[in-house]
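Below is one structure, written out as structure tokens; the observations come after it.
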Amino acid sequence: MSAERNIVILTGAGMSAESGVPTFRGVDGLWEGHRIEEVASPDAFRRNPELVHRFYNLRRAALNTVEPNAGHLALAKLEREWRGNFLLVTQNVDDLHERAGSEKLIHMHGELRKARCECCGAVFPWTQELSSGTRCRACGEIGGMRPHIVWFGEMPFEMETIMNALKSADLFLCIGTSGMVYPAAGFAQMAAQNRACRLVEFNIESTEISRQFRERVIGPVSVELPKFVE
Ligand code: BJW
């Protein structure tokens, strides 16, 4: 990896699967028979806020029972040892990257352990349950609190920073994502505009975007990332 200076890493649900966080589109990727699009959209929240709160309350509570795996630790080590620009972009809403020690990290789809008020925009660290009756600690409104999560149809966070990093990346690692959700699914193509950029996909199987990668590592992240970082 000595020739590369600017690295961008994208992670998806496969990164945390071995920690016990379920993926979205695997065999166990459904929640109580709902498609993810039916709970993770502003319309779903408007139609049935208690159902959506319950979905995220359960997942927030489950974070207390999981730990970073060897793949998360390997990426934190890579960041510590990297000499050039480093950016880790995760689609995951868990906090396993930061618990493993990653610091230059963007949660492009938000964070389970944060809540936001739709009335005043304030964002809070959040470890308890949320409900339609939760009062905003900043403006006092009831009913405006929602998970600080990017739902379908909403703009992912920090896109400008991500795009700029991709433009100058000369190493792009795409880890544990099915490549079915945009704009993240388009990141490899953006990085490839720099013809010298090395693109590597890590996954246990082929994905929608596999053909965009000149290098592919097939296997679980807990095994393959420590080997790659070594
Ligand atoms: C392992 C492993 C192991 C397992 N080791 N690997 C038509 C065309 C193009 C776009 C659109 C379209 N119609 C609508 C859109 C836009 C839409 C979209 O992409 N929809 C698609 C369904 C088509 N996108 C949006 O709405 C986004 N916003 C947007 O586009 O704004 C406008 C915009 C325009 C221009 C620029 C910028 C913005 C917002 C998307 C929000 C996604 N939100 C979710 C849910 C919220 C978070 C939550 O509840 O947790 O985010 S959806 C869900 O999917 C979640 C994930 O972050 C995301 C990606 O899933 P991921 O991570 O890939 O997980 P899986 O389960 O799909 O895959 C796991 C992978 O791991 C598999 O490949 C396994 O093999 C692998 N694996 N174990 C290695 N041990």
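The chains in the structure tokens are called A, B, ... from first to last as shown; in each chain the residues are counted from 1, and the ligands are counted from 1 in the order shown.
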Write out as an mmCIF file with N, CA and C atoms, in the first residue's frame all residues of region 75-184 of chain A that backbone DSSP assigns to strand (DSSP E or B).
```cif
data_model
loop_
_atom_site.group_PDB
_atom_site.id
_atom_site.type_symbol
_atom_site.label_atom_id
_atom_site.label_comp_id
_atom_site.auth_asym_id
_atom_site.auth_seq_id
_atom_site.Cartn_x
_atom_site.Cartn_y
_atom_site.Cartn_z
ATOM 1 N N PHE A 86 -6.840 10.326 5.056
ATOM 2 C CA PHE A 86 -7.614 9.124 5.387
ATOM 3 C C PHE A 86 -9.066 9.530 5.638
ATOM 4 N N LEU A 87 -10.002 8.821 5.028
ATOM 5 C CA LEU A 87 -11.413 9.049 5.356
ATOM 6 C C LEU A 87 -12.174 7.724 5.353
ATOM 7 N N LEU A 88 -12.834 7.460 6.451
ATOM 8 C CA LEU A 88 -13.698 6.285 6.565
ATOM 9 C C LEU A 88 -15.149 6.769 6.511
ATOM 10 N N VAL A 89 -15.880 6.296 5.503
ATOM 11 C CA VAL A 89 -17.299 6.657 5.359
ATOM 12 C C VAL A 89 -18.104 5.397 5.639
ATOM 13 N N THR A 90 -18.964 5.461 6.628
ATOM 14 C CA THR A 90 -19.785 4.282 6.886
ATOM 15 C C THR A 90 -21.252 4.570 6.612
ATOM 16 N N LEU A 105 -14.075 9.703 10.593
ATOM 17 C CA LEU A 105 -15.224 8.854 10.283
ATOM 18 C C LEU A 105 -16.455 9.710 9.992
ATOM 19 N N ILE A 106 -17.133 9.384 8.888
ATOM 20 C CA ILE A 106 -18.413 10.038 8.578
ATOM 21 C C ILE A 106 -19.511 8.982 8.593
ATOM 22 N N HIS A 107 -20.577 9.244 9.337
ATOM 23 C CA HIS A 107 -21.758 8.372 9.322
ATOM 24 C C HIS A 107 -22.727 8.940 8.296
ATOM 25 N N GLY A 110 -26.374 8.508 9.153
ATOM 26 C CA GLY A 110 -26.788 8.888 10.500
ATOM 27 C C GLY A 110 -26.322 7.922 11.574
ATOM 28 N N GLU A 111 -26.845 8.136 12.774
ATOM 29 C CA GLU A 111 -26.379 7.373 13.936
ATOM 30 C C GLU A 111 -27.554 6.999 14.837
ATOM 31 N N LEU A 112 -27.605 5.716 15.198
ATOM 32 C CA LEU A 112 -28.670 5.233 16.094
ATOM 33 C C LEU A 112 -28.636 5.936 17.437
ATOM 34 N N ARG A 113 -27.431 6.280 17.883
ATOM 35 C CA ARG A 113 -27.314 6.866 19.222
ATOM 36 C C ARG A 113 -27.428 8.383 19.206
ATOM 37 N N LYS A 114 -28.127 8.912 18.176
ATOM 38 C CA LYS A 114 -28.448 10.338 18.166
ATOM 39 C C LYS A 114 -29.919 10.502 17.814
ATOM 40 N N ALA A 115 -30.510 11.590 18.304
ATOM 41 C CA ALA A 115 -31.898 11.919 17.952
ATOM 42 C C ALA A 115 -31.940 13.384 17.528
ATOM 43 N N ARG A 116 -32.925 13.692 16.692
ATOM 44 C CA ARG A 116 -33.017 15.064 16.157
ATOM 45 C C ARG A 116 -34.449 15.561 16.288
ATOM 46 N N CYS A 117 -34.550 16.869 16.543
ATOM 47 C CA CYS A 117 -35.876 17.482 16.607
ATOM 48 C C CYS A 117 -36.232 18.046 15.235
ATOM 49 N N VAL A 123 -29.707 18.374 17.456
ATOM 50 C CA VAL A 123 -29.307 16.960 17.461
ATOM 51 C C VAL A 123 -28.746 16.631 18.843
ATOM 52 N N PHE A 124 -29.167 15.507 19.398
ATOM 53 C CA PHE A 124 -28.734 15.119 20.756
ATOM 54 C C PHE A 124 -28.151 13.705 20.762
ATOM 55 N N PRO A 125 -27.154 13.456 21.614
ATOM 56 C CA PRO A 125 -26.789 12.061 21.893
ATOM 57 C C PRO A 125 -28.011 11.386 22.498
ATOM 58 N N ARG A 135 -40.299 14.875 24.442
ATOM 59 C CA ARG A 135 -40.200 16.341 24.340
ATOM 60 C C ARG A 135 -38.775 16.735 23.941
ATOM 61 N N ILE A 142 -43.306 18.749 21.614
ATOM 62 C CA ILE A 142 -43.555 17.308 21.728
ATOM 63 C C ILE A 142 -43.961 16.794 20.348
ATOM 64 N N MET A 145 -39.472 14.719 17.760
ATOM 65 C CA MET A 145 -38.212 13.990 17.892
ATOM 66 C C MET A 145 -38.205 12.741 17.014
ATOM 67 N N ARG A 146 -37.101 12.547 16.304
ATOM 68 C CA ARG A 146 -36.968 11.387 15.412
ATOM 69 C C ARG A 146 -35.549 10.837 15.507
ATOM 70 N N PRO A 147 -35.335 9.606 15.085
ATOM 71 C CA PRO A 147 -33.968 9.094 15.021
ATOM 72 C C PRO A 147 -33.140 9.949 14.056
ATOM 73 N N HIS A 148 -31.868 10.153 14.384
ATOM 74 C CA HIS A 148 -30.971 10.942 13.510
ATOM 75 C C HIS A 148 -30.406 9.992 12.441
ATOM 76 N N ILE A 149 -31.307 9.616 11.540
ATOM 77 C CA ILE A 149 -31.046 8.574 10.547
ATOM 78 C C ILE A 149 -31.450 9.139 9.196
ATOM 79 N N LEU A 171 -6.701 5.232 -3.387
ATOM 80 C CA LEU A 171 -7.063 3.881 -2.934
ATOM 81 C C LEU A 171 -8.486 3.952 -2.393
ATOM 82 N N PHE A 172 -9.384 3.133 -2.942
ATOM 83 C CA PHE A 172 -10.774 3.091 -2.481
ATOM 84 C C PHE A 172 -11.107 1.660 -2.090
ATOM 85 N N LEU A 173 -11.482 1.476 -0.829
ATOM 86 C CA LEU A 173 -11.876 0.156 -0.338
ATOM 87 C C LEU A 173 -13.380 0.155 -0.093
ATOM 88 N N CYS A 174 -14.059 -0.814 -0.644
ATOM 89 C CA CYS A 174 -15.513 -0.900 -0.501
ATOM 90 C C CYS A 174 -15.823 -2.195 0.244
ATOM 91 N N ILE A 175 -16.352 -2.067 1.455
ATOM 92 C CA ILE A 175 -16.364 -3.208 2.370
ATOM 93 C C ILE A 175 -17.780 -3.557 2.856
#
```
> as a VMD selection string, which residues of region 63-166 of chain A does DSSP assign to helix (DSSP H, G or I)?
Replying inline: chain A and resid 63 to 65 70 to 81 96 to 100 159 to 166
Write the selection just made, keeping N, CA and C atoms, as a PDB file, in the first residue's frame?
```
ATOM      1  N   LEU A  63     -27.477  -2.340  20.482  1.00  0.00           N
ATOM      2  CA  LEU A  63     -26.070  -1.899  20.405  1.00  0.00           C
ATOM      3  C   LEU A  63     -25.315  -2.209  21.700  1.00  0.00           C
ATOM      4  N   ASN A  64     -26.066  -2.280  22.814  1.00  0.00           N
ATOM      5  CA  ASN A  64     -25.420  -2.579  24.100  1.00  0.00           C
ATOM      6  C   ASN A  64     -24.912  -4.013  24.176  1.00  0.00           C
ATOM      7  N   THR A  65     -25.350  -4.846  23.240  1.00  0.00           N
ATOM      8  CA  THR A  65     -24.993  -6.280  23.330  1.00  0.00           C
ATOM      9  C   THR A  65     -23.936  -6.672  22.301  1.00  0.00           C
ATOM     10  N   ALA A  70     -12.796  -8.021  14.562  1.00  0.00           N
ATOM     11  CA  ALA A  70     -11.396  -7.838  14.138  1.00  0.00           C
ATOM     12  C   ALA A  70     -11.284  -6.951  12.900  1.00  0.00           C
ATOM     13  N   GLY A  71     -12.344  -6.895  12.086  1.00  0.00           N
ATOM     14  CA  GLY A  71     -12.338  -6.026  10.903  1.00  0.00           C
ATOM     15  C   GLY A  71     -12.367  -4.553  11.308  1.00  0.00           C
ATOM     16  N   HIS A  72     -13.231  -4.202  12.275  1.00  0.00           N
ATOM     17  CA  HIS A  72     -13.272  -2.811  12.769  1.00  0.00           C
ATOM     18  C   HIS A  72     -11.907  -2.424  13.338  1.00  0.00           C
ATOM     19  N   LEU A  73     -11.323  -3.340  14.103  1.00  0.00           N
ATOM     20  CA  LEU A  73     -10.024  -3.036  14.732  1.00  0.00           C
ATOM     21  C   LEU A  73      -8.943  -2.841  13.675  1.00  0.00           C
ATOM     22  N   ALA A  74      -9.010  -3.637  12.600  1.00  0.00           N
ATOM     23  CA  ALA A  74      -8.014  -3.515  11.531  1.00  0.00           C
ATOM     24  C   ALA A  74      -8.102  -2.137  10.854  1.00  0.00           C
ATOM     25  N   LEU A  75      -9.332  -1.639  10.653  1.00  0.00           N
ATOM     26  CA  LEU A  75      -9.471  -0.323  10.004  1.00  0.00           C
ATOM     27  C   LEU A  75      -8.984   0.794  10.924  1.00  0.00           C
ATOM     28  N   ALA A  76      -9.172   0.641  12.228  1.00  0.00           N
ATOM     29  CA  ALA A  76      -8.667   1.648  13.169  1.00  0.00           C
ATOM     30  C   ALA A  76      -7.140   1.651  13.163  1.00  0.00           C
ATOM     31  N   LYS A  77      -6.559   0.464  13.058  1.00  0.00           N
ATOM     32  CA  LYS A  77      -5.088   0.356  12.988  1.00  0.00           C
ATOM     33  C   LYS A  77      -4.584   0.998  11.681  1.00  0.00           C
ATOM     34  N   LEU A  78      -5.299   0.719  10.589  1.00  0.00           N
ATOM     35  CA  LEU A  78      -4.910   1.302   9.294  1.00  0.00           C
ATOM     36  C   LEU A  78      -4.892   2.830   9.393  1.00  0.00           C
ATOM     37  N   GLU A  79      -5.917   3.389  10.034  1.00  0.00           N
ATOM     38  CA  GLU A  79      -5.976   4.853  10.193  1.00  0.00           C
ATOM     39  C   GLU A  79      -4.776   5.367  11.001  1.00  0.00           C
ATOM     40  N   ARG A  80      -4.452   4.703  12.077  1.00  0.00           N
ATOM     41  CA  ARG A  80      -3.323   5.147  12.919  1.00  0.00           C
ATOM     42  C   ARG A  80      -2.011   5.124  12.151  1.00  0.00           C
ATOM     43  N   GLU A  81      -1.870   4.152  11.248  1.00  0.00           N
ATOM     44  CA  GLU A  81      -0.580   3.963  10.587  1.00  0.00           C
ATOM     45  C   GLU A  81      -0.487   4.657   9.229  1.00  0.00           C
ATOM     46  N   LEU A  96     -19.800   0.962  16.082  1.00  0.00           N
ATOM     47  CA  LEU A  96     -18.701   0.006  16.272  1.00  0.00           C
ATOM     48  C   LEU A  96     -17.367   0.527  15.732  1.00  0.00           C
ATOM     49  N   HIS A  97     -17.395   1.342  14.682  1.00  0.00           N
ATOM     50  CA  HIS A  97     -16.122   1.900  14.198  1.00  0.00           C
ATOM     51  C   HIS A  97     -15.481   2.792  15.269  1.00  0.00           C
ATOM     52  N   GLU A  98     -16.283   3.679  15.859  1.00  0.00           N
ATOM     53  CA  GLU A  98     -15.674   4.578  16.863  1.00  0.00           C
ATOM     54  C   GLU A  98     -15.250   3.813  18.109  1.00  0.00           C
ATOM     55  N   ARG A  99     -16.036   2.784  18.462  1.00  0.00           N
ATOM     56  CA  ARG A  99     -15.637   1.993  19.632  1.00  0.00           C
ATOM     57  C   ARG A  99     -14.346   1.216  19.364  1.00  0.00           C
ATOM     58  N   ALA A 100     -14.072   0.933  18.075  1.00  0.00           N
ATOM     59  CA  ALA A 100     -12.815   0.243  17.738  1.00  0.00           C
ATOM     60  C   ALA A 100     -11.635   1.215  17.678  1.00  0.00           C
ATOM     61  N   MET A 159     -22.078  15.025   2.193  1.00  0.00           N
ATOM     62  CA  MET A 159     -21.797  14.568   0.826  1.00  0.00           C
ATOM     63  C   MET A 159     -20.670  15.362   0.168  1.00  0.00           C
ATOM     64  N   GLU A 160     -20.571  16.658   0.488  1.00  0.00           N
ATOM     65  CA  GLU A 160     -19.529  17.458  -0.169  1.00  0.00           C
ATOM     66  C   GLU A 160     -18.136  16.974   0.237  1.00  0.00           C
ATOM     67  N   THR A 161     -17.955  16.741   1.528  1.00  0.00           N
ATOM     68  CA  THR A 161     -16.659  16.231   2.019  1.00  0.00           C
ATOM     69  C   THR A 161     -16.340  14.881   1.383  1.00  0.00           C
ATOM     70  N   ILE A 162     -17.366  14.036   1.280  1.00  0.00           N
ATOM     71  CA  ILE A 162     -17.149  12.692   0.723  1.00  0.00           C
ATOM     72  C   ILE A 162     -16.763  12.784  -0.756  1.00  0.00           C
ATOM     73  N   MET A 163     -17.494  13.597  -1.505  1.00  0.00           N
ATOM     74  CA  MET A 163     -17.217  13.744  -2.951  1.00  0.00           C
ATOM     75  C   MET A 163     -15.802  14.263  -3.170  1.00  0.00           C
ATOM     76  N   ASN A 164     -15.403  15.259  -2.388  1.00  0.00           N
ATOM     77  CA  ASN A 164     -14.059  15.818  -2.543  1.00  0.00           C
ATOM     78  C   ASN A 164     -12.996  14.775  -2.249  1.00  0.00           C
ATOM     79  N   ALA A 165     -13.204  13.980  -1.214  1.00  0.00           N
ATOM     80  CA  ALA A 165     -12.222  12.940  -0.880  1.00  0.00           C
ATOM     81  C   ALA A 165     -12.167  11.893  -2.001  1.00  0.00           C
ATOM     82  N   LEU A 166     -13.324  11.547  -2.568  1.00  0.00           N
ATOM     83  CA  LEU A 166     -13.344  10.530  -3.633  1.00  0.00           C
ATOM     84  C   LEU A 166     -12.599  11.009  -4.873  1.00  0.00           C
TER      85      LEU A 166
END
```
>> List as an MDAnalysis selection string the protein and nucleic acid residues lying within 8 Å of ligand 1, with only C-alpha atoms and all ligand atoms counted.
In response: chainID A and resid 11:18 22:26 29 36:37 39:40 56 90:94 109:110 112 149:156 159 175:185 202:207 218:222
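The space between CA of Arg47 (chain A) and CA of Gly143 (chain A) spans 13.4 Å.
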> Which of these, A:Arg137, A:Lys227, A:Arg216, A:Lys104, has the shortest distance to Val8 (chain A) once you count only C-alpha atoms?
Replying inline: A:Lys104
Spatial neighbours of Gln128 (chain A), 9 Å, only C-alpha atoms, chain gap at least 4 places, as a PDB file with C-alpha atoms, in the first residue's frame:
```pdb
ATOM      1  CA  ASN A  57     -35.575   1.641  19.791  1.00  0.00           C
ATOM      2  CA  ARG A  60     -30.524   1.156  19.623  1.00  0.00           C
ATOM      3  CA  ALA A  61     -30.920  -1.149  22.634  1.00  0.00           C
ATOM      4  CA  ARG A 113     -27.314   6.866  19.222  1.00  0.00           C
TER       5      ARG A 113
END
```
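Each of A:Leu130, A:Val21, A:Val223, A:Ala138 was compared to His53 (chain A) using only C-alpha atoms, and A:Leu130 turns out to be the nearest.
Considering only C-alpha atoms, the residue among A:Ala44, A:Ala62, A:Ala191, A:Ile209 positioned nearest to Glu129 (chain A) is A:Ala62.
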> Please, what distance in Å, to one decimal, runs between CA of Ile7 (chain A) and CA of Glu230 (chain A)?
Replying inline: 16.2 Å
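In this structure, CA of Val52 (chain A) sits 24.3 Å away from CA of Glu158 (chain A).
The smallest atom-to-atom distance between Glu208 (chain A) and any of A:Cys120, A:Ala188, A:Cys139, A:Leu58, using only C-alpha atoms, is found for A:Ala188.
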